[in-house]
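Novice: Quick one: structure below, then a few questions.
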Amino acid sequence: MAQTTVAAPAERKPKKPKRSQFSGMSKALVRRETISAYLFLLPSLVFFIGFVVVPMVICVVYSFMEYSMKGIEGFAGFDNYIRMFQDKTFIRSFWNTVFIVVVAVPTVTAFSLWVSSAIYKMKAFTRSFFRCVFYLPVVTGTVAVTVVWKWIFNAYYGILNQVAGTTGFDWLGNEKTAIWCIIMILFTTSIGQPIVLYVAALGNVDKSLIEAAEVDGATNFQVFWKIKWPQIMPTTLYILVITTINSFQCFALIQLLTSGGPNSSTTTIMYYIFDMVYKFNDFGYANAMGVILALIIAVFSALQFRITKSN
Amino acid sequence: MKSKLSGGSVGYKIFTVIVLILLALFFIFPLYWIVTGSFKDAIAISSRTPVWFPTQFVLDNYEKLFARPALRWLLNTVVMAVSAMLLTCLTASLAGYALAKKRFYGRGILFTIIICAMALPKQVIVIPLLQEMRTLGLADTLLAVILPTVGWPFGVFLMKQFSETIPTEILEAARVDGAGEIRTFATIVFPMIKPGVGALAIFTFVNSWNDYFLQLIMLTSKEKLTISVGIAQMQGEMSSDFGLIMAGATLAAIPIVAVFIAFQKYFTQGISMGAVKG
């Protein structure tokens, strides 16, 4: 029976350790179930291993290779990693990326929470109308959204200058404003999913608790802070993590709007990785930056997990 | 005191509604500007004063657009998104069911790996994927964008969430009755997780349609592009012909927006289910 105690599923209640998932099953049945389970999993695993796990391995392996226009030149050790610390464009793109994340993630989260709190009690039709509207930029697609914004921001033909009366001002060509334009568009394409999630989460908050608190004379603010907020915490955490992952990978907006300029002021890590592959065919350095980006995102996600858990 | 409080909250409510409506207009505006822009003539496009609504609807932009292989790009995009959708639904519903309802060695570790993989930055993987696809001889084919979409583990996770709602007793009853695994899946499991499959289908379709980075990296020849990459390339070549670019953007956006609005219910359900216990 020793082998039946292994592999207690992690997602079951952690309060009861050592309780096997196989309790009450005969050995033959366990074997049959295992074989049939893997047959069910096989098609999916082929794709997952082939096109997620294998590229991950390639990414790590090639990050230690010296690569040029001609292809692999040899083993590079940690050279690609050391190079990042001496590369001014990389450092600049790192800070740009962090800036985008630090501005966008809290704004997106707070704003989507506000919108959701405002719409979740509305009639079903109005609620789904607003939810739909805020999701629209996501569905429209990054490219379509970005090209129209490029026109709106255009110095001469753009409607923004025409309405604001700032004739000829080049929003995307100015080092100070370009990154804010990008953050604004990123914001409009990021709040759709959080709103859907928050509306669902707020709808699931235990109503009897809210009613009891209201009978006791709690203010709206107290009801929100003491009852709703703790209950929607898992959703908040999920939203923080997905928004962080998305913001860190900000790419399409930059490629289409500014190509990283002016003067590298909007180059993000993801854009720089792309540039490295397209301009220099340097898969070694590009993959090393990819590994670092993945690590940074993992650290940020873990931090958010810690902070929200401790609250 | 009471009236003062409710008076204040009425004021706040009006404020909220006004802000929401203004925001809604702001969020709808880009799409409005894309569609109306695509019907504007060259004079309206380059006007120095805002032309809020095209006075003359012209089709010049679309004529220019279809002279490029824009319909070919659209067809490629549909083939890509539909194949990715069907393959994902098939593989993920099988795998999700097994993860939720089967007891087997390696179940816990497999599930943990899937959760961890979902936290990976998707775009980082695309660069080494290009190297892999080149080695396999699949670079610059639609398969290079379809296969990685199917491999992404979110679908398995979503289908596992849905499959957990299947009562185990029903499955046991089927086994006692001597139903084979495939029959159990086809006649009992699949009908029960159908709403989940619907959610996953629409989710995969929209995401695959809009996965610009993957398409950009993998596809290079002009006749193999998707609509997103095609429009982006067009914008690079003739960046000031906004009418033409808006026609392209309309062609890229309208089909997917229509699909989204038609299946909105499934879509929101999929997003919320994916986050539960996430």
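Each chain in the structure tokens gets a letter, A, B and so on, in the order shown; residues start at 1 in every chain, and ligands are counted from 1 in the order they appear.
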Applying 10 Å and only C-alpha atoms, which residues near Ser93 (chain B) remain after dropping the ones on its own chain fewer than 6 positions away? List them as a PyMOL selection string.
Specialist: (chain A and resi 40-41+44) or (chain B and resi 99+155-160+162-163+185+189-190+193-194+196-197+200)
Novice: Can you list every residue in region 35-240 of chain B that DSSP puts in alpha helix (DSSP H), as an MDAnalysis selection string?
Specialist: chainID B and resid 35:38 42:45 60:67 70:101 107:118 122:136 143:151 154:163 168:176 181:184 190:209 212:218 227:237
Novice: Quick one: residues within 7 Å of region 241-250 of chain B, only C-alpha atoms counted, chain neighbours fewer than 4 positions away excluded, as a PyMOL selection string?
Specialist: (chain A and resi 144+151) or (chain B and resi 34-35+37-38+40+45+61-62+64-65+231+235+254)
Novice: For chain B, which of A:Ala213, A:Leu172, A:Val241, A:Met69 is the closest residue, counting only C-alpha atoms?
Specialist: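 Nearest to chain B: A:Val241.
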Novice: With distances taken over only C-alpha atoms, which residue among B:Thr135, B:Ser240, B:Gly11, B:Leu22 lies nearest Ala42 (chain B)?
Specialist: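 Distance minimum relative to Ala42 (chain B) lands on B:Ser240.
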Novice: Would you mind telling me which residue in A:Ile232, A:Ile227, A:Ile100, A:Leu256 lies nearest to chain B when using only C-alpha atoms?
Specialist: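 Between A:Ile232, A:Ile227, A:Ile100, A:Leu256, the residue approaching chain B most closely is A:Leu256.
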Novice: Could you write out, as a list in words, all the residues of region 48-99 of chain A that DSSP marks as strand (DSSP E)?
Specialist: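 So, restricting region 48-99 of chain A to strand (DSSP E), we get Met65, Glu66, Tyr67, Ser68, Gly71, Ile72, Glu73, Gly74 and Phe75 of chain A.
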Novice: Take the selection from the previous step and output its residues with N, CA and C atoms, as a short mmCIF file (atom, residue, chain, number, x, y, z; two decimals), in the first residue's frame.
Specialist:
```
data_model
loop_
_atom_site.label_atom_id
_atom_site.label_comp_id
_atom_site.auth_asym_id
_atom_site.auth_seq_id
_atom_site.Cartn_x
_atom_site.Cartn_y
_atom_site.Cartn_z
N MET A 65 24.52 30.73 -25.69
CA MET A 65 25.22 30.57 -26.97
C MET A 65 25.59 31.93 -27.56
N GLU A 66 26.70 31.92 -28.26
CA GLU A 66 27.05 33.12 -29.01
C GLU A 66 26.44 32.98 -30.39
N TYR A 67 25.70 33.98 -30.80
CA TYR A 67 24.92 33.88 -32.02
C TYR A 67 25.21 35.09 -32.87
N SER A 68 25.26 34.93 -34.18
CA SER A 68 25.46 36.10 -35.04
C SER A 68 24.60 35.92 -36.28
N GLY A 71 24.71 32.48 -37.60
CA GLY A 71 24.18 31.36 -36.81
C GLY A 71 24.98 31.21 -35.53
N ILE A 72 24.98 29.98 -34.97
CA ILE A 72 25.70 29.77 -33.72
C ILE A 72 27.20 29.90 -33.94
N GLU A 73 27.85 30.69 -33.07
CA GLU A 73 29.30 30.87 -33.18
C GLU A 73 30.03 30.05 -32.14
N GLY A 74 29.32 29.67 -31.10
CA GLY A 74 29.98 28.88 -30.06
C GLY A 74 29.30 29.09 -28.72
N PHE A 75 29.91 28.49 -27.70
CA PHE A 75 29.38 28.60 -26.34
C PHE A 75 29.80 29.93 -25.74
#
```
Novice: Between CA of Ser47 (chain B) and CA of Leu59 (chain B), what is the distance in Å, rounded to a tenth?
Specialist: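 Separation of CA of Ser47 (chain B) and CA of Leu59 (chain B): 18.1 Å.
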Novice: Please build the interface table for region 227-248 of chain A against region 106-129 of chain A with a cut-off of 10 Å, listing for each qualifying residue the nearest atom pair and the distance in Å to one decimal; count only C-alpha atoms, order rows by chain and increasing number, and write it as a Markdown table.
Specialist:
```
| residue | atom | partner | partner_atom | distance |
| --- | --- | --- | --- | --- |
| A:Thr236 | CA | A:Thr109 | CA | 7.5 |
| A:Leu237 | CA | A:Thr109 | CA | 9.7 |
| A:Ile239 | CA | A:Thr109 | CA | 6.9 |
| A:Leu240 | CA | A:Thr109 | CA | 6.8 |
| A:Thr243 | CA | A:Val108 | CA | 7.8 |
| A:Thr244 | CA | A:Pro106 | CA | 9.5 |
```
Novice: I need the residues from that last selection saved to file as a PDB file, in the first residue's frame (with C-alpha atoms), if you can.
Specialist:
```pdb
ATOM      1  CA  THR A 236      -7.668  41.122  -6.961  1.00  0.00           C
ATOM      2  CA  LEU A 237      -4.584  38.962  -6.708  1.00  0.00           C
ATOM      3  CA  ILE A 239      -5.987  40.567 -11.709  1.00  0.00           C
ATOM      4  CA  LEU A 240      -2.726  41.991 -10.360  1.00  0.00           C
ATOM      5  CA  THR A 243      -2.084  42.629 -15.591  1.00  0.00           C
ATOM      6  CA  THR A 244       1.549  42.556 -14.495  1.00  0.00           C
TER       7      THR A 244
END
```
Novice: I need the residue nearest chain A from this list: B:Met218, B:Val206, B:Leu86, B:Ile188. Use only C-alpha atoms for the distance.
Specialist: B:Val206
Novice: Using CA of Ile256 (chain B) and CA of Val133 (chain A) as the two end points, give the distance in Å to one decimal.
Specialist: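 Computing it gives 14.2 Å between the two atoms.
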